[in-house]
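Visitor: Okay, here's the structure, questions in a sec.
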Amino acid sequence: MSAVQTGAVVGGSLGPHTDRVEPRPKGSRTGYLLLLPGMLWLLLFFAVPTIQLLATSLYDPNGSLESGYAMTWHFGTYLDVLSAYRAPFLRSLGYAVSATVLALVFGYPLAYAIAFKAGRWRNLMLVLVIAPFFTSFLVRTLAWKSILADNGFIVSGLQAVHVLGPDGRLLATSVAVVTGLTYNFLPFMVLPIYASLEKIDLRLVEAGKDLYANGVTSFRKITLPLSMPGVVAGTLLTFIPAAGDYINAQLLGTPQQYMIGNVIDNTFLVQLDYPVAAACSVILMAAIVLMVLVYVRRAGTEDLL
Amino acid sequence: MTSRPHPDPEQGSGHTAEAGADLRLSAVTKRFGEFTAVNALDLVVEQGRFFALLGPSGCGKTTTLRMVAGLEEPTSGTITIAGRDISRLRPYKRPVNTVFQSYALFPHLDIFENVAFGLRRRGISEVRSKVHDMLELVELGGYEKRRPAQLSGGQQQRVALARALINRPQVLLLDEPLGALDLKLRRQMQIELKRIQTEVGITFVHVTHDQEEAMTMADTIAVMNQGVIDQMGSPAELYDNPATTFVSNFLGQSNLVRAAVVATRGDDLVVEAYGCTLAAPGSRARRTEGTVWLGVRPEKVFLARAGAEAAEASGPAGANVLTGGVVSDVSFIGVSTQYLVRMPWGQELTVFEQNSGAHDTFRPGESVDLRWSADHTFLLDADQDAHAGDQSYAELVGTPSA
Amino acid sequence: MSARTPALPRAGRWVADHVVMTVALLVLVYMFLPIFFVVLMSFNDPVSRLTYEFDAFTWDNWTNPCQSPGMCSSVVTSLQIGFLATLGATLLGTLVAFALVRHRFRGRAGTSLLIFLPMATPEVVMGSSLLALFSSVGLAGRLGFWSILVAHIMFCLSFVVVTVKARLTGLDSTLEQAAMDLYANEWQAFWRVTFPLVFPGILAAALLSFSLSFDDFIVTNFNHGNTITFPMFVWGSAQRGIPPQVNVVGTVMFLIALVLVAGGGLVQRRRAR
């Protein structure tokens with residue numbers, strides 16, 4: 001038991017009878033008092049809204065904001081939504097998976113280099129990974145619009161080496177959206193992987209090199225498995241926000257690249273069709289939870305290699 | 001318990017040691033759920049003593065210390081210092097200070113502020129000169145501006161000591177303070193601690209599981225086992241005249257042989273063990289009739305060739321003799337040689353012989369007799385486990401020795 | 001081992017040493033490319049509003065950042081919300097972290113879940129569900145500063161709890177016992193020992209909260225009413241072509257972040273020395 005616990009209650013006024021240790025009840029009330037405001041906030045503005053969202057998705061779809069909605073347990077909205085917005089749903093998952101894989105491919109070497117190769121530049125490199133992400137997300141995404149512009153240096157370069165045709169472009173394509181998504185969530189991949197790599201006892205790697213003689217094998221047999229917790233955390237932290245994002249699709253793509261986030265934004269805020277929008281949100285959430293569970297289970301039991 | 005007025009520790013100089021400032025624990029019990037860590041413990045530590053609470057981990061010694069410090073509350077019983085009941089006072093109201101096992105130096109404060117912490121909390125003046133003097137005492141003058149992380153383990157240990165001592169507590173509690181140091185540094189700090197204790201004259205209560213450490217430093221040792229004190233006394237008393245098998249094994253090594261008391265001869269008791277008749281002083285017998293453990297320390301025993309007469313064999317006259325042993329193992333360890341001797345009844349006894357060149361050496365397989373002065377024999381209660389407190393035996397047979 | 005193996009580890013090591021570092025540096029370039037463009041475009045004098053290319057150099061955007069109508073007031077709004085959300089989330093989150101680490105209570109699993117879920121929920125779901133709640137209780141027409149603040153405190157809270165909890169868990173509780181042993185009462189032990197040692201964690205949590213709040217677009221977009229935060233301003237003007245002054249704000253934010261992150265590292269190193 002700690003000093004703080006009673007300190008919070010007793011405060012500055014130590015009367016004569018605080019001389020004695022009060023027989024403290026098991027699990028003092030202080031704990032609940034400390035929890036109360038924060039948990040109440042989350043309950044009220046996270047848990048209750050999530051339930052409200054679920055309810056909204058089952059409202060009578062014929063209602064409107066003006067006339068009000070009636071609860072009709074209308075599960076049909078889900079079927080309508082799934083058939084009407086199949087493409088954006090699949091696109092969301094496809095883009096999110098691509099961005100996650102790319103972020104892993106880019107992020108792992110970076111994390112590895114920071115952990116093992118950077119030496120005295122380690123802290124600087126970490127700062128460089130973190131710092132850009134304190135600049136506005138939107139402003140950075142808009143910068144990609146300049147970078148991938150039709151007459152920007154990347155497009156010209158790719159045209160020169162004939163990867164892109166003379167009329168080929170990057171902006172307003174899936175490539176642009178995935179590039180933006182990968183870029184935006186890359187640090188969420190790098191930092192957890194770095195954290196788990198940094199914890200690895202280098203003597204293990206040396207022992208591995210001793211046993212397997214070959215650096216690649218010892219990486220595959222020792223370093224990689226030991227960094228798996230970081231990889232799992234990183235992929236989740238990348239996949240979840242990427243699947244729900246719609247800024248990249250909106251700014252770097254066209255309606256042909258729209259993701260489910262765009263649909264939710266549009267039906268909620270423009271069409272004001274709350275039941276449909278809520279059903280989309282619930283399906284997105286459910287799909288994510290399902291994929292995460294499957295993934296975590298596989299990552300937990302199998303070798304993933 | 002007296003009810004005379006006593007100086008309030010909050011009032012400045014009230015902390016200086018004074019005559020009769022004994023630490024007294026009466027029937028102190030501490031339970032954690034079902035587990036009884038300390039069981040009805042009675043203990044008096046006289047003022048000015050270097051007192052060691054010795055025992056294996058899990059014996060309740062640290063819990064006892066923490067109850068004195070106020071970091072645990074006794075389930076029942078009272079703790080008094082100079083007659084004043086402190087059992088239920090908050091830690092900061094007690095005239096005691098602690099040197100923690102992990103040192104617990106405040107990492108965000110420099111050495112000066114660490115040492116000054118207690119003085120500042122009590123609003124005592126002349127902090128600067130007091131801290132300076134205290135750092136000189138522990139030979140860390142000039143380290144005031146360093147942070148704890150910049151100091152070596154031994155230096156941190158001395159800061160922890162200074163931080164506690166500067167408050168001139170009536171009792172200083174030390175919780176395995178040398179446990180984290182390497183062997184050489186530990187020896188050095190043992191001497192240092194003893195010097196400082198003599199210099200300041202404050203009661204030290206030192207908790208340790210290291211019997212050698214306790215014997216080197218303390219003038220009184222209490223051996224604690226399973227929540228109670230087995231025996232208390234000076235190091236020599238405890239070593240020469242152990243009261244239990246636990247003490248006989250935990251402090252040094254002992255040979256314990258099953259025997260039965262058969263007669264009384266003057267001040268001595270006559271015992272019989274596997275056909276040999278032996279004697280033991282009545283003053284060293286914890287049991288005077290029936291079955292006993294007959295004990296002798298390995299270095300008190302001399303080996304003699306089997307059948308050799310007392311006159312020609314090295315060893316004391318009027319000695320106890322156990323015959324029929326066969327040397328089963330010999331290890332040479334420099335100053336002495338350690339023999340294992342298998343007795344006819346299957347037990348292996350240990351004998352240490354000084355390598356003084358004054359007596360014979362033996363090889364495995366040779367038949368020998370064991371001789372020692374009857375004065376060095378002690379008798380213990382045979383109901384006790386002969387291996388209690390024997391750390392190497394516990395490891396050997398795999399019983400969990402905490 | 002046979003004769004062919006010596007070459008392999010050497011090659012492997014060379015690959016590990018150089019290729020990995022090269023890839024890492026390329027990835028860093030990828031991460032900094034947009035920043036470079038943000039800085040570059042902050043000096044742009046665009047010919048038309050819809051351009052995303054560098055046309056001509058000018059200092060004007062830096063000397064008159066508020067020229068773009070509505071931008072500066074949106075920055076002020078974001079700063080206000082960011083400040084208040086940070087204050088609220090840091091306070092509530094720190095209390096929860098202390099409760100989690102230092103106290104026993106029933107329903108620990110449920111509590112942990114409620115803290116974890118907001119971090120695992122896509123923003124679009126959080127934003128839309130809050131809107132669903134607000135409109136169901138008839139507040140849809142009155143959304144604004146307060147609803148943004150409520151939402152921001154909500155999604156920052158979990159991050160604060162996690163950050164402060166990590167710091168508090170690593171704190172040796174014997175330090176507090178030592179303080180009490182040295183005549184500090186509970187209150188003094190907390191303010192002299194516990195708080196200063198947990199403070200770096202609280203500070204980190206506050207910085208994280210502020211950046212999350214200042215930068216949030218998606219949740220805000222659902223609950224902003226008529227209040228325009230800086231991200232809302234950027235979003236709105238992106239349709240019409242963004243004013244170059246936006247890049248000035250982006251550059252300044254980057255510089256402040258760099259100074260803070262680097263400064264934090266420096267302080268930590270000095271502490272350790």
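To be explicit about the labels: the chains of the structure tokens are called A, B, and onward in the order shown, and within each one the residues are counted from 1, while ligands get numbers from 1 in the order they are shown.
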I'd like the contact shell of region 144-153 of chain B - 12 Å cut-off, only C-alpha atoms, skipping same-chain residues fewer than 2 positions apart - returned as number ranges by chain.
Guide: B: 101-116, 128-129, 131-136, 139-142, 155-160, 162, 177-182, 185-186, 189; C: 270-273
Visitor: How would you write, as JSON, numbers by chain, the set of residues in region 74-151 of chain B that DSSP gives as strand (DSSP E)?
Guide: {"B": [76, 77, 78, 79, 80, 81, 84, 85, 96, 97, 98, 99]}
Visitor: Pull out every residue of chain B sitting within 10 Å of chain A, counting only C-alpha atoms, and send them as a PyMOL selection string.
Guide: chain B and resi 70-73+86-94
Visitor: For the residues in the current selection, export all heavy atoms as a tab-separated table (two decimals), in the first residue's frame.
Guide:
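What follows is the written file result20.tsv:
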```
chain	number	residue	atom	x	y	z
B	70	GLY	N	7.44	1.21	10.68
B	70	GLY	CA	6.10	1.74	10.45
B	70	GLY	C	5.60	1.49	9.05
B	70	GLY	O	4.59	2.04	8.63
B	71	LEU	N	6.32	0.65	8.29
B	71	LEU	CA	5.91	0.37	6.91
B	71	LEU	C	4.95	-0.80	6.84
B	71	LEU	O	4.32	-1.04	5.83
B	71	LEU	CB	7.15	0.11	6.05
B	71	LEU	CG	8.14	1.29	6.03
B	71	LEU	CD1	9.44	0.92	5.36
B	71	LEU	CD2	7.52	2.51	5.35
B	72	GLU	N	4.87	-1.55	7.96
B	72	GLU	CA	3.83	-2.56	8.09
B	72	GLU	C	3.21	-2.35	9.46
B	72	GLU	O	3.89	-1.91	10.39
B	72	GLU	CB	4.40	-3.99	8.06
B	72	GLU	CG	5.20	-4.36	6.85
B	72	GLU	CD	4.35	-4.68	5.63
B	72	GLU	OE1	3.11	-4.66	5.75
B	72	GLU	OE2	4.94	-4.93	4.58
B	73	GLU	N	1.94	-2.69	9.55
B	73	GLU	CA	1.27	-2.55	10.83
B	73	GLU	C	1.16	-3.91	11.48
B	73	GLU	O	0.72	-4.86	10.83
B	73	GLU	CB	-0.12	-1.98	10.59
B	73	GLU	CG	-0.76	-1.43	11.82
B	73	GLU	CD	-2.21	-1.04	11.56
B	73	GLU	OE1	-2.58	-0.89	10.38
B	73	GLU	OE2	-2.95	-0.91	12.52
B	86	ILE	N	5.02	2.93	19.87
B	86	ILE	CA	5.02	3.48	18.51
B	86	ILE	C	4.34	2.54	17.53
B	86	ILE	O	4.32	2.78	16.33
B	86	ILE	CB	6.47	3.75	18.02
B	86	ILE	CG1	7.28	2.45	18.00
B	86	ILE	CG2	7.16	4.80	18.87
B	86	ILE	CD1	8.49	2.51	17.10
B	87	SER	N	3.75	1.46	18.03
B	87	SER	CA	3.25	0.41	17.13
B	87	SER	C	2.34	0.91	16.03
B	87	SER	O	2.32	0.36	14.95
B	87	SER	CB	2.50	-0.68	17.89
B	87	SER	OG	2.75	-0.62	19.25
B	88	ARG	N	1.55	1.93	16.34
B	88	ARG	CA	0.60	2.36	15.33
B	88	ARG	C	0.82	3.79	14.84
B	88	ARG	O	-0.06	4.40	14.25
B	88	ARG	CB	-0.82	2.17	15.85
B	88	ARG	CG	-1.24	0.73	15.58
B	88	ARG	CD	-2.33	0.19	16.41
B	88	ARG	NE	-2.58	-1.21	16.07
B	88	ARG	CZ	-1.78	-2.23	16.41
B	88	ARG	NH1	-0.68	-2.00	17.08
B	88	ARG	NH2	-2.08	-3.46	16.05
B	89	LEU	N	2.03	4.28	15.05
B	89	LEU	CA	2.36	5.61	14.53
B	89	LEU	C	2.68	5.52	13.05
B	89	LEU	O	3.20	4.52	12.57
B	89	LEU	CB	3.59	6.17	15.26
B	89	LEU	CG	3.41	6.64	16.69
B	89	LEU	CD1	4.72	7.23	17.20
B	89	LEU	CD2	2.31	7.69	16.76
B	90	ARG	N	2.40	6.60	12.32
B	90	ARG	CA	2.80	6.66	10.92
B	90	ARG	C	4.34	6.67	10.87
B	90	ARG	O	4.99	7.14	11.82
B	90	ARG	CB	2.26	7.93	10.26
B	90	ARG	CG	0.76	8.13	10.42
B	90	ARG	CD	-0.06	7.08	9.70
B	90	ARG	NE	-0.05	7.25	8.26
B	90	ARG	CZ	-0.03	6.23	7.40
B	90	ARG	NH1	0.07	4.99	7.84
B	90	ARG	NH2	-0.08	6.45	6.12
B	91	PRO	N	4.94	6.20	9.77
B	91	PRO	CA	6.40	6.10	9.72
B	91	PRO	C	7.10	7.42	10.04
B	91	PRO	O	8.14	7.44	10.70
B	91	PRO	CB	6.67	5.69	8.27
B	91	PRO	CG	5.40	5.14	7.74
B	91	PRO	CD	4.29	5.69	8.56
B	92	TYR	N	6.51	8.54	9.58
B	92	TYR	CA	7.18	9.83	9.74
B	92	TYR	C	7.06	10.40	11.16
B	92	TYR	O	7.59	11.45	11.46
B	92	TYR	CB	6.67	10.85	8.72
B	92	TYR	CG	5.17	10.94	8.61
B	92	TYR	CD1	4.44	11.76	9.46
B	92	TYR	CD2	4.49	10.19	7.66
B	92	TYR	CE1	3.07	11.83	9.37
B	92	TYR	CE2	3.11	10.26	7.57
B	92	TYR	CZ	2.40	11.08	8.42
B	92	TYR	OH	1.04	11.13	8.33
B	93	LYS	N	6.33	9.67	12.03
B	93	LYS	CA	6.22	10.12	13.42
B	93	LYS	C	7.13	9.30	14.33
B	93	LYS	O	7.07	9.44	15.54
B	93	LYS	CB	4.77	9.95	13.89
B	93	LYS	CG	3.76	10.77	13.12
B	93	LYS	CD	3.59	12.13	13.73
B	93	LYS	CE	2.48	12.91	13.02
B	93	LYS	NZ	2.36	14.26	13.56
B	94	ARG	N	7.93	8.42	13.74
B	94	ARG	CA	8.74	7.52	14.57
B	94	ARG	C	10.20	7.97	14.63
B	94	ARG	O	10.73	8.44	13.63
B	94	ARG	CB	8.71	6.10	13.99
B	94	ARG	CG	7.33	5.51	13.97
B	94	ARG	CD	7.36	4.10	13.47
B	94	ARG	NE	5.98	3.62	13.38
B	94	ARG	CZ	5.61	2.37	13.62
B	94	ARG	NH1	6.50	1.47	13.92
B	94	ARG	NH2	4.35	2.02	13.53
```
Visitor: Given a cut-off of 8 Å, which residues of chain C touch chain B, counting only C-alpha atoms, written out as number ranges by chain?
Guide: C: 172, 174-175, 177-185, 193, 196-197, 271-273
Visitor: With 7 Å as the limit and counting only C-alpha atoms, what residues in chain A lie close to chain C? Please list them as a PDB file with C-alpha atoms, in the first residue's frame.
Guide:
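As a result, selection.pdb now contains:
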```pdb
ATOM      1  CA  SER A   2       1.272   3.367  -0.844  1.00  0.00           C
ATOM      2  CA  ALA A   3       1.826   6.675   0.707  1.00  0.00           C
ATOM      3  CA  VAL A   4      -0.141   8.467  -1.940  1.00  0.00           C
ATOM      4  CA  THR A   6      -4.053   8.206   2.047  1.00  0.00           C
ATOM      5  CA  GLY A   7      -2.224  11.365   1.084  1.00  0.00           C
ATOM      6  CA  GLY A  11      -4.469  16.342   2.315  1.00  0.00           C
ATOM      7  CA  GLY A  12      -2.475  19.047   3.987  1.00  0.00           C
ATOM      8  CA  GLY A  27      -9.615  -1.680  -1.539  1.00  0.00           C
ATOM      9  CA  GLY A  31      -9.301   4.188  -5.815  1.00  0.00           C
ATOM     10  CA  TYR A  32     -12.888   4.556  -6.929  1.00  0.00           C
ATOM     11  CA  LEU A  34      -9.736   8.605  -8.650  1.00  0.00           C
ATOM     12  CA  LEU A  35     -11.306   6.419 -11.324  1.00  0.00           C
ATOM     13  CA  PRO A  37     -14.319  11.204 -13.388  1.00  0.00           C
ATOM     14  CA  GLY A  38     -12.225   9.627 -16.128  1.00  0.00           C
ATOM     15  CA  TRP A  41     -16.221  10.516 -19.241  1.00  0.00           C
ATOM     16  CA  LEU A  42     -15.377   7.422 -21.291  1.00  0.00           C
ATOM     17  CA  PHE A  45     -18.839   9.889 -24.466  1.00  0.00           C
ATOM     18  CA  PRO A  49     -22.396   6.694 -28.089  1.00  0.00           C
ATOM     19  CA  THR A  50     -21.212   3.324 -29.379  1.00  0.00           C
ATOM     20  CA  GLN A  52     -26.371   4.685 -29.538  1.00  0.00           C
ATOM     21  CA  LEU A  53     -24.682   4.069 -32.887  1.00  0.00           C
ATOM     22  CA  PHE A 106       9.471   0.129 -44.974  1.00  0.00           C
ATOM     23  CA  PRO A 109      14.360  -1.963 -41.766  1.00  0.00           C
ATOM     24  CA  LEU A 110      14.094   1.536 -40.339  1.00  0.00           C
ATOM     25  CA  ALA A 113      18.608   0.279 -38.317  1.00  0.00           C
ATOM     26  CA  VAL A 127      13.414  12.259 -33.197  1.00  0.00           C
ATOM     27  CA  ALA A 131       8.852  14.927 -35.318  1.00  0.00           C
ATOM     28  CA  PRO A 132       7.074  15.072 -38.725  1.00  0.00           C
ATOM     29  CA  PHE A 134       3.467  16.723 -34.990  1.00  0.00           C
ATOM     30  CA  THR A 135       2.818  18.687 -38.159  1.00  0.00           C
ATOM     31  CA  SER A 136      -0.781  18.801 -39.248  1.00  0.00           C
ATOM     32  CA  PHE A 137      -1.949  15.519 -40.768  1.00  0.00           C
ATOM     33  CA  LEU A 138      -3.982  17.407 -43.377  1.00  0.00           C
ATOM     34  CA  VAL A 139      -1.170  19.751 -44.337  1.00  0.00           C
ATOM     35  CA  ARG A 140       1.191  16.816 -44.802  1.00  0.00           C
ATOM     36  CA  ALA A 143       1.878  18.103 -49.527  1.00  0.00           C
ATOM     37  CA  TRP A 144       1.628  14.709 -51.199  1.00  0.00           C
ATOM     38  CA  LYS A 145      -0.678  16.378 -53.664  1.00  0.00           C
ATOM     39  CA  SER A 146       2.227  18.589 -54.690  1.00  0.00           C
ATOM     40  CA  TYR A 183       3.079   7.506 -45.124  1.00  0.00           C
ATOM     41  CA  ALA A 213      26.962 -19.206 -38.873  1.00  0.00           C
ATOM     42  CA  ASN A 214      24.811 -17.250 -41.274  1.00  0.00           C
ATOM     43  CA  GLY A 215      23.509 -13.786 -40.467  1.00  0.00           C
ATOM     44  CA  VAL A 216      20.322 -14.223 -42.452  1.00  0.00           C
ATOM     45  CA  ILE A 240      -7.049   0.048 -37.732  1.00  0.00           C
ATOM     46  CA  PRO A 241      -6.746   3.774 -38.471  1.00  0.00           C
ATOM     47  CA  GLY A 244     -11.230   3.955 -41.139  1.00  0.00           C
ATOM     48  CA  GLY A 261     -14.974   6.405 -44.326  1.00  0.00           C
ATOM     49  CA  SER A 281     -19.847   2.385 -39.008  1.00  0.00           C
TER      50      SER A 281
END
```
Visitor: Would you mind listing what lies within 12 Å of Tyr274 (chain B) as an MDAnalysis selection string, with only C-alpha atoms counted and same-chain residues fewer than 2 positions away left out?
Guide: chainID B and resid 257:260 271:272 276:278 294 321:324 343:347
Visitor: Expressed in Å to a single decimal, how great is the separation between CA of Thr77 (chain A) and CA of Val289 (chain A)?
Guide: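 Separating CA of Thr77 (chain A) from CA of Val289 (chain A) is a distance of 20.5 Å.
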Visitor: Quick one: residues within 7 Å of Val75 (chain C), only C-alpha atoms, excluding same-chain residues fewer than 4 positions away - as JSON, numbers by chain?
Guide: {"C": [71, 79, 229, 230]}
Visitor: Could you dump the residues just selected with N, CA and C atoms as an mmCIF file, in the first residue's frame?
Guide:
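To be explicit, this is the file written out as out24.cif:
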```cif
data_model
loop_
_atom_site.group_PDB
_atom_site.id
_atom_site.type_symbol
_atom_site.label_atom_id
_atom_site.label_comp_id
_atom_site.auth_asym_id
_atom_site.auth_seq_id
_atom_site.Cartn_x
_atom_site.Cartn_y
_atom_site.Cartn_z
ATOM 1 N N MET C 71 -7.995 32.031 -41.262
ATOM 2 C CA MET C 71 -7.017 31.035 -40.842
ATOM 3 C C MET C 71 -6.546 31.259 -39.411
ATOM 4 N N LEU C 79 -5.917 26.160 -30.779
ATOM 5 C CA LEU C 79 -5.047 26.283 -29.605
ATOM 6 C C LEU C 79 -5.862 26.229 -28.325
ATOM 7 N N THR C 229 -11.953 24.731 -36.554
ATOM 8 C CA THR C 229 -10.600 24.534 -36.037
ATOM 9 C C THR C 229 -9.642 24.626 -37.226
ATOM 10 N N PHE C 230 -8.336 24.611 -36.912
ATOM 11 C CA PHE C 230 -7.368 24.717 -38.006
ATOM 12 C C PHE C 230 -7.503 23.570 -39.018
#
```
Visitor: Which polymer residues have any atom within 8 Å of an atom of Arg167 (chain C), counting only C-alpha atoms, with same-chain residues fewer than 3 positions away left out, as a JSON list (two decimals) with C-alpha atoms, in the first residue's frame?
Guide:
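Final output, part37.json:
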```json
[["chain", "number", "residue", "atom", "x", "y", "z"],
["C", 163, "THR", "CA", 1.51, 6.91, -20.84],
["C", 164, "VAL", "CA", 1.28, 7.89, -17.17],
["C", 170, "GLY", "CA", 8.23, 1.69, -13.33],
["C", 171, "LEU", "CA", 8.40, 3.74, -10.14],
["C", 198, "VAL", "CA", 6.04, 10.73, -12.52],
["C", 201, "GLY", "CA", 5.29, 10.84, -17.94]]
```
Visitor: Among region 36-234 of chain C, which ones does DSSP place in helix (DSSP H, G or I), written as a ChimeraX atom specification?
Guide: /C:36-41,60-63,65-67,71-102,108-120,123-136,140-142,145-169,174-181,186-215,218-223,230-234
